[in-house]
Amino acid sequence: MSQYKIIFTGPVGAGKTTAINSISDVAPVKTDAAASDMTKSRKAATTVAMDYGIMNLDDGEKIHLYGTPGQERFDFMWDILTVGGIGLVLLLDNTRADPFQDMQFFLDSFSGFISDTSVAIGVTQMDLSSKPSINDYHEQLKAMDLKPAVFSVDARVKNDVSLLVQALLFSLDPGLED
Amino acid sequence: MKKNKTKPLLLALYGMDERTHKTMAMYLKGPYKGKAIIVDEFEAEVDLIDADYIKAKDILEQRKQKTPERPIILLSLEKLSIEGTLYVKKPIQTEDLAKALKLANNQLNLKSAKPPKAFSEQSAAVISEQEKVLDPIATEKQQPATKNIDKDEIKKTSKHRTAKDLTEGHFSSYIGHVEGVDFSDPEQVINASFNPKEFFLGFVQSALRVSKEKGRILQLNSGWKPLVFFPLTQEIWLDANEKQLRAFAGLQIKNNSSSGMNLVAADTVSSNCNRKMEGFYEADHFLWMLAVWTSKGRYPNTININEPVFLKQWPNFTRLLVTPHAMRIAALLVMQPRTAMSVANALKIKPQYVFVFISAANAVGLLSQVKRQADELISPADEVKPSKTKGLLGRILGRLRG
């Protein structure tokens with residue numbers, strides 16, 4: 001059976017763990033088991049926590065929900081994560097010093113993966129800081145020639161996370177039936 | 001201090017959270033082969049700062065003051081050229097960081113035999129409590145920087161609703177019925193339009209536009225309940241529940257002096273807005289749902305139903321009333337202009353759902369109509385090409401909506 005993944009990425013505090021927890025059928029776990037598949041040099045760090053959840057589908061298939069480590073800046077980790085990925089959910093924290101820079105960074109870093117699949121963007125903490133607005137994000141994205149879904153998201157609210165992932169799925173195939 | 005080849009380089013990390021610490025430790029043990037380890041700031045020989053952290057500038061200044069001989073490596077998304085520091089661009093390539101660490105080690109080796117000025121007890125004693133708070137040490141978990149926190153915002157209740165899971169019959173009841181239109185008759189469907197200016201929607205749109213242009217808080221009196229516009233925050237205040245608003249949205253209003261509509265400056269109004277936070281709506285959210293309840297399955301007559309329309313951007317669905325098939329329609333109209341009937345055919349849904357959606361999207365300015373020249377260039381197929389993983393995506397969708 002194939003390993004299908006949805007990747008959640010974004011800076012520290014954007015709510016990746018909470019978002020995964022919102023739609024996962026199991027509590028987020030540490031990747032001790034996954035570490036056994038890593039190269040020897042990486043085995044040393046089995047304590048590294050990675051957000052991970054599972055969605056069980058009706059036919060027994062599992063969708064793996066992976067969150068990239070928050071301030072992970074090491075490209076080798078992301079390359080491993082995105083293999084077999086269905087699409088990318090990018091969560092951005094609106095209270096960060098420069099959320100546009102964060103957005104640019106993650107979109108650039110995952111540009112290959114995004115062009116092969118799709119991306120949906122969730123902006124969190126908008127109840128604490130309403131600027132930049134969702135329209136401001138779209139303006140930035142237009143300059144990058146991108147038109148992804150951008151939703152304000154409370155990662156604790158299952159419906160918000162669910163709608164964001166649904167937007168990702170419909171971006172991949174609008175013909176999916178409700 | 002001359003470095004002993006067998007002794008690891010001692011690094012202190014700043015502006016990084018616990019997880020990044022662990023990743024760094026992993027890197028140092030793995031790709032860097034244990035030639036450096038992470039220690040606290042008192043023992044360190046080299047400082048490693050995440051320059052994208054909000055307080056990075058303060059941290060850098062403090063490190064320069066406290067341990068001026070200590071090499072500093074800055075990690076940043078943007079290229080930095082700060083005197084006396086080394087720079088590594090994010091995303092960090094293993095070779096780049098190894099090179100910077102080697103340079104830092106060389107700097108240490110070049111220094112005199114005099115040990116680097118460590119963080120002495122004496123200097124520690126002069127640091128005020130305030131400075132300690134402002135100087136996040138490496139072992140502390142990074143707190144997200146916050147700004148513009150408005151506690152009143154939190155009091156405003158979230159009002160976004162989802163109607164997408166309503167059955168056809170329930171949704172028809174929810175949006176209301178239009179007298180004199182038989183939606184089962186294709187002839188009547190294509191002519192099922194409404195004029196927004198003859199409904200509360202049109203008055204609200206007009207008043208909101210004036211409020212924005214003048215930059216003033218204005219109140220719309222309608223003979224029903226007053227509506228207050230806040231241009232700065234893009235909010236509308238109304239002391240009415242959803243059921244009342246839905247009923248009023250469907251009433252046809254004559255656009256003359258007998259309508260009782262007037263717009264006044266808020267400074268002449270005895271407003272009680274501040275006491276009723278639950279009466280606030282985001283302007284787009286308010287217009288969107290007002291348009292849904294005005295439409296009732298019809299399309300606005302400001303749109304030529306025979307010309308393609310497209311979405312300038314995705315609606316912010318987590319804060320809007322999500323009508324049936326709205327996400328699919330949005331995905332299609334973001335990708336390519338289509339006529340409303342083409343959308344209905346491609347998605348195999350009733351035109352009313354498309355009309356409701358385009359009414360709402362048009363009300364908040366997200367919809368645009370393709371001009372004739374471009375129209376000739378675009379001829380979307382009625383069929384949507386399915387993705388290779390359609391079955392899988394459909395099962396995920398089912399699970400999310402389950």
# chains A, B, ... in the order shown; residues from 1 in each chain; ligands from 1

call {"tool": "residues_around", "arguments": {"residues": "range 11-24 of chain A", "least_positions_apart": "2", "cutoff": "6 Å", "atoms": "only C-alpha atoms", "output": "MDAnalysis selection string"}}
result
chainID A and resid 26 51 53:55 70:71 91:93 155:156 158

call {"tool": "atom_distance", "arguments": {"atom1": "CA of Asp154 in chain A", "atom2": "CA of Lys243 in chain B"}}
result
26.2 Å

call {"tool": "residues_around", "arguments": {"residues": "Met126 in chain A", "least_positions_apart": "5", "cutoff": "9 Å", "atoms": "only C-alpha atoms", "output": "number ranges by chain"}}
result
A: 93-95, 131-133, 152-154

call {"tool": "closest_residue", "arguments": {"among": "A:Leu164, A:Ile6, A:Leu128, A:Leu146", "to": "chain B", "atoms": "only C-alpha atoms"}}
result
A:Leu128

call {"tool": "closest_residue", "arguments": {"among": "A:Gly175, A:Pro69, A:Gly10, A:Pro148", "to": "Arg96 in chain A", "atoms": "only C-alpha atoms"}}
result
A:Gly10

call {"tool": "residues_around", "arguments": {"residues": "Lys5 in chain A", "least_positions_apart": "6", "cutoff": "6 Å", "atoms": "only C-alpha atoms", "output": "list in words"}}
result
Ile63, His64, Leu65, Gly85 and Ile86 of chain A

call {"tool": "residues_around", "arguments": {"residues": "range 220-233 of chain B", "least_positions_apart": "2", "cutoff": "8 Å", "atoms": "only C-alpha atoms", "output": "compact mmCIF listing (two decimals) with C-alpha atoms, in the first residue's frame"}}
result
# COMPACT_ATOMS: atom_id res chain seq x y z
CA VAL B 204 -25.38 48.43 2.49
CA ALA B 207 -23.15 53.02 2.39
CA LEU B 208 -20.00 50.99 2.95
CA SER B 211 -17.90 55.27 4.56
CA LYS B 212 -14.63 54.01 3.06
CA GLY B 215 -13.01 57.51 6.10
CA ARG B 216 -15.81 58.19 8.54
CA ILE B 217 -17.93 56.04 10.80
CA LEU B 218 -21.43 56.23 9.34
CA GLU B 235 -16.42 46.18 10.17
CA ILE B 236 -20.17 46.51 10.35
CA TRP B 237 -22.22 46.58 13.51
CA LEU B 238 -25.83 45.46 13.71
CA ASP B 239 -27.93 44.48 16.67
CA ALA B 240 -29.93 41.74 15.00
CA SER B 259 -37.77 53.85 1.70
CA GLY B 260 -36.74 55.50 4.95
CA MET B 261 -33.07 54.92 4.14
CA ASN B 262 -30.60 57.59 5.18
CA LEU B 263 -26.96 57.76 6.00
CA VAL B 264 -25.75 59.90 8.89
CA ALA B 266 -21.80 58.49 13.57

call {"tool": "closest_residue", "arguments": {"among": "B:Asn301, B:Ser342, B:Ser359, B:Gln93", "to": "chain A", "atoms": "only C-alpha atoms"}}
result
B:Gln93

call {"tool": "atom_distance", "arguments": {"atom1": "CA of Gln125 in chain A", "atom2": "CA of Val322 in chain B"}}
result
21.5 Å

call {"tool": "residues_around", "arguments": {"residues": "range 112-116 of chain A", "least_positions_apart": "3", "cutoff": "9 Å", "atoms": "only C-alpha atoms", "output": "PyMOL selection string"}}
result
chain A and resi 82-83+85+87-88+107-109+119

call {"tool": "select_by_dssp", "arguments": {"residues": "chain A", "states": "strand (DSSP E)", "output": "PyMOL selection string"}}
result
chain A and resi 4-9+51-56+62-67+85-93+119-124+149-152

call {"tool": "closest_residue", "arguments": {"among": "A:Phe110, A:Tyr66, A:Phe105, A:Tyr52", "to": "chain B", "atoms": "only C-alpha atoms"}}
result
A:Phe105

call {"tool": "atom_distance", "arguments": {"atom1": "CA of Gln369 in chain B", "atom2": "CA of Leu347 in chain B"}}
result
19.9 Å

call {"tool": "residues_around", "arguments": {"residues": "Met144 in chain A", "least_positions_apart": "3", "cutoff": "12 Å", "atoms": "only C-alpha atoms", "output": "number ranges by chain"}}
result
A: 100, 103-104, 107-108, 111, 137-141, 147-148

call {"tool": "closest_residue", "arguments": {"among": "B:Leu74, B:Ile92, B:Ile303, B:Ile82", "to": "chain A", "atoms": "only C-alpha atoms"}}
result
B:Ile92

call {"tool": "select_by_dssp", "arguments": {"residues": "range 6-170 of chain A", "states": "alpha helix (DSSP H)", "output": "PDB file with C-alpha atoms, in the first residue's frame"}}
result
ATOM      1  CA  LYS A  16       1.260  23.026  12.808  1.00  0.00           C
ATOM      2  CA  THR A  17       1.074  20.599  15.717  1.00  0.00           C
ATOM      3  CA  THR A  18      -2.355  21.884  16.715  1.00  0.00           C
ATOM      4  CA  ALA A  19      -3.628  21.745  13.147  1.00  0.00           C
ATOM      5  CA  ILE A  20      -2.465  18.163  12.679  1.00  0.00           C
ATOM      6  CA  ASN A  21      -3.994  17.262  16.018  1.00  0.00           C
ATOM      7  CA  SER A  22      -7.293  18.792  14.893  1.00  0.00           C
ATOM      8  CA  ILE A  23      -7.787  16.358  12.028  1.00  0.00           C
ATOM      9  CA  ASP A  32      11.129   7.534  16.907  1.00  0.00           C
ATOM     10  CA  ALA A  33       9.929   4.823  14.533  1.00  0.00           C
ATOM     11  CA  ALA A  34      10.654   6.881  11.453  1.00  0.00           C
ATOM     12  CA  ALA A  35      14.159   7.457  12.702  1.00  0.00           C
ATOM     13  CA  LYS A  40      23.075   6.226  10.492  1.00  0.00           C
ATOM     14  CA  SER A  41      24.203   9.776  11.114  1.00  0.00           C
ATOM     15  CA  ARG A  42      20.636  10.805  11.804  1.00  0.00           C
ATOM     16  CA  LYS A  43      19.887   7.960  14.146  1.00  0.00           C
ATOM     17  CA  ASP A  75      16.987  21.254   3.390  1.00  0.00           C
ATOM     18  CA  PHE A  76      17.755  17.557   3.667  1.00  0.00           C
ATOM     19  CA  MET A  77      14.861  17.075   6.096  1.00  0.00           C
ATOM     20  CA  TRP A  78      12.353  18.630   3.726  1.00  0.00           C
ATOM     21  CA  ASP A  79      13.478  16.577   0.786  1.00  0.00           C
ATOM     22  CA  ILE A  80      12.805  13.431   2.786  1.00  0.00           C
ATOM     23  CA  LEU A  81       9.443  14.673   3.996  1.00  0.00           C
ATOM     24  CA  THR A  82       7.939  15.641   0.662  1.00  0.00           C
ATOM     25  CA  PRO A  99       4.987  37.024   7.841  1.00  0.00           C
ATOM     26  CA  PHE A 100       5.534  37.855   4.147  1.00  0.00           C
ATOM     27  CA  GLN A 101       9.173  36.939   4.465  1.00  0.00           C
ATOM     28  CA  ASP A 102       8.137  33.681   6.106  1.00  0.00           C
ATOM     29  CA  MET A 103       5.692  33.024   3.274  1.00  0.00           C
ATOM     30  CA  GLN A 104       8.296  33.741   0.626  1.00  0.00           C
ATOM     31  CA  PHE A 105      10.805  31.534   2.362  1.00  0.00           C
ATOM     32  CA  PHE A 106       8.537  28.502   2.629  1.00  0.00           C
ATOM     33  CA  LEU A 107       7.091  28.905  -0.869  1.00  0.00           C
ATOM     34  CA  ASP A 108      10.603  29.145  -2.286  1.00  0.00           C
ATOM     35  CA  SER A 109      11.823  26.207  -0.258  1.00  0.00           C
ATOM     36  CA  SER A 111       8.604  25.469  -4.899  1.00  0.00           C
ATOM     37  CA  GLY A 112       9.349  22.188  -6.653  1.00  0.00           C
ATOM     38  CA  PHE A 113       6.897  20.274  -4.511  1.00  0.00           C
ATOM     39  CA  ILE A 114       4.222  22.960  -4.962  1.00  0.00           C
ATOM     40  CA  SER A 115       4.579  22.982  -8.736  1.00  0.00           C
ATOM     41  CA  ASP A 116       4.120  19.204  -8.745  1.00  0.00           C
ATOM     42  CA  ILE A 134      -5.844  38.145   3.874  1.00  0.00           C
ATOM     43  CA  ASN A 135      -6.056  40.552   0.929  1.00  0.00           C
ATOM     44  CA  ASP A 136      -2.521  41.726   1.686  1.00  0.00           C
ATOM     45  CA  TYR A 137      -1.345  38.115   1.413  1.00  0.00           C
ATOM     46  CA  HIS A 138      -3.103  37.751  -1.930  1.00  0.00           C
ATOM     47  CA  GLU A 139      -1.398  40.900  -3.195  1.00  0.00           C
ATOM     48  CA  GLN A 140       1.984  39.431  -2.312  1.00  0.00           C
ATOM     49  CA  LEU A 141       1.070  36.143  -3.952  1.00  0.00           C
ATOM     50  CA  LYS A 142      -0.039  37.858  -7.146  1.00  0.00           C
ATOM     51  CA  ALA A 143       3.449  39.265  -7.487  1.00  0.00           C
ATOM     52  CA  LYS A 158     -11.236  21.393  13.334  1.00  0.00           C
ATOM     53  CA  ASN A 159     -13.556  23.018  10.803  1.00  0.00           C
ATOM     54  CA  ASP A 160     -10.957  25.672   9.931  1.00  0.00           C
ATOM     55  CA  VAL A 161      -8.230  23.097   9.349  1.00  0.00           C
ATOM     56  CA  SER A 162     -10.638  20.830   7.508  1.00  0.00           C
ATOM     57  CA  LEU A 163     -11.709  23.634   5.135  1.00  0.00           C
ATOM     58  CA  LEU A 164      -8.085  24.490   4.457  1.00  0.00           C
ATOM     59  CA  VAL A 165      -7.232  20.902   3.557  1.00  0.00           C
ATOM     60  CA  GLN A 166     -10.413  20.681   1.465  1.00  0.00           C
ATOM     61  CA  ALA A 167      -9.298  23.773  -0.453  1.00  0.00           C
ATOM     62  CA  LEU A 168      -5.997  22.021  -1.102  1.00  0.00           C
ATOM     63  CA  LEU A 169      -7.852  18.971  -2.447  1.00  0.00           C
ATOM     64  CA  PHE A 170     -10.148  21.044  -4.672  1.00  0.00           C
TER      65      PHE A 170
END
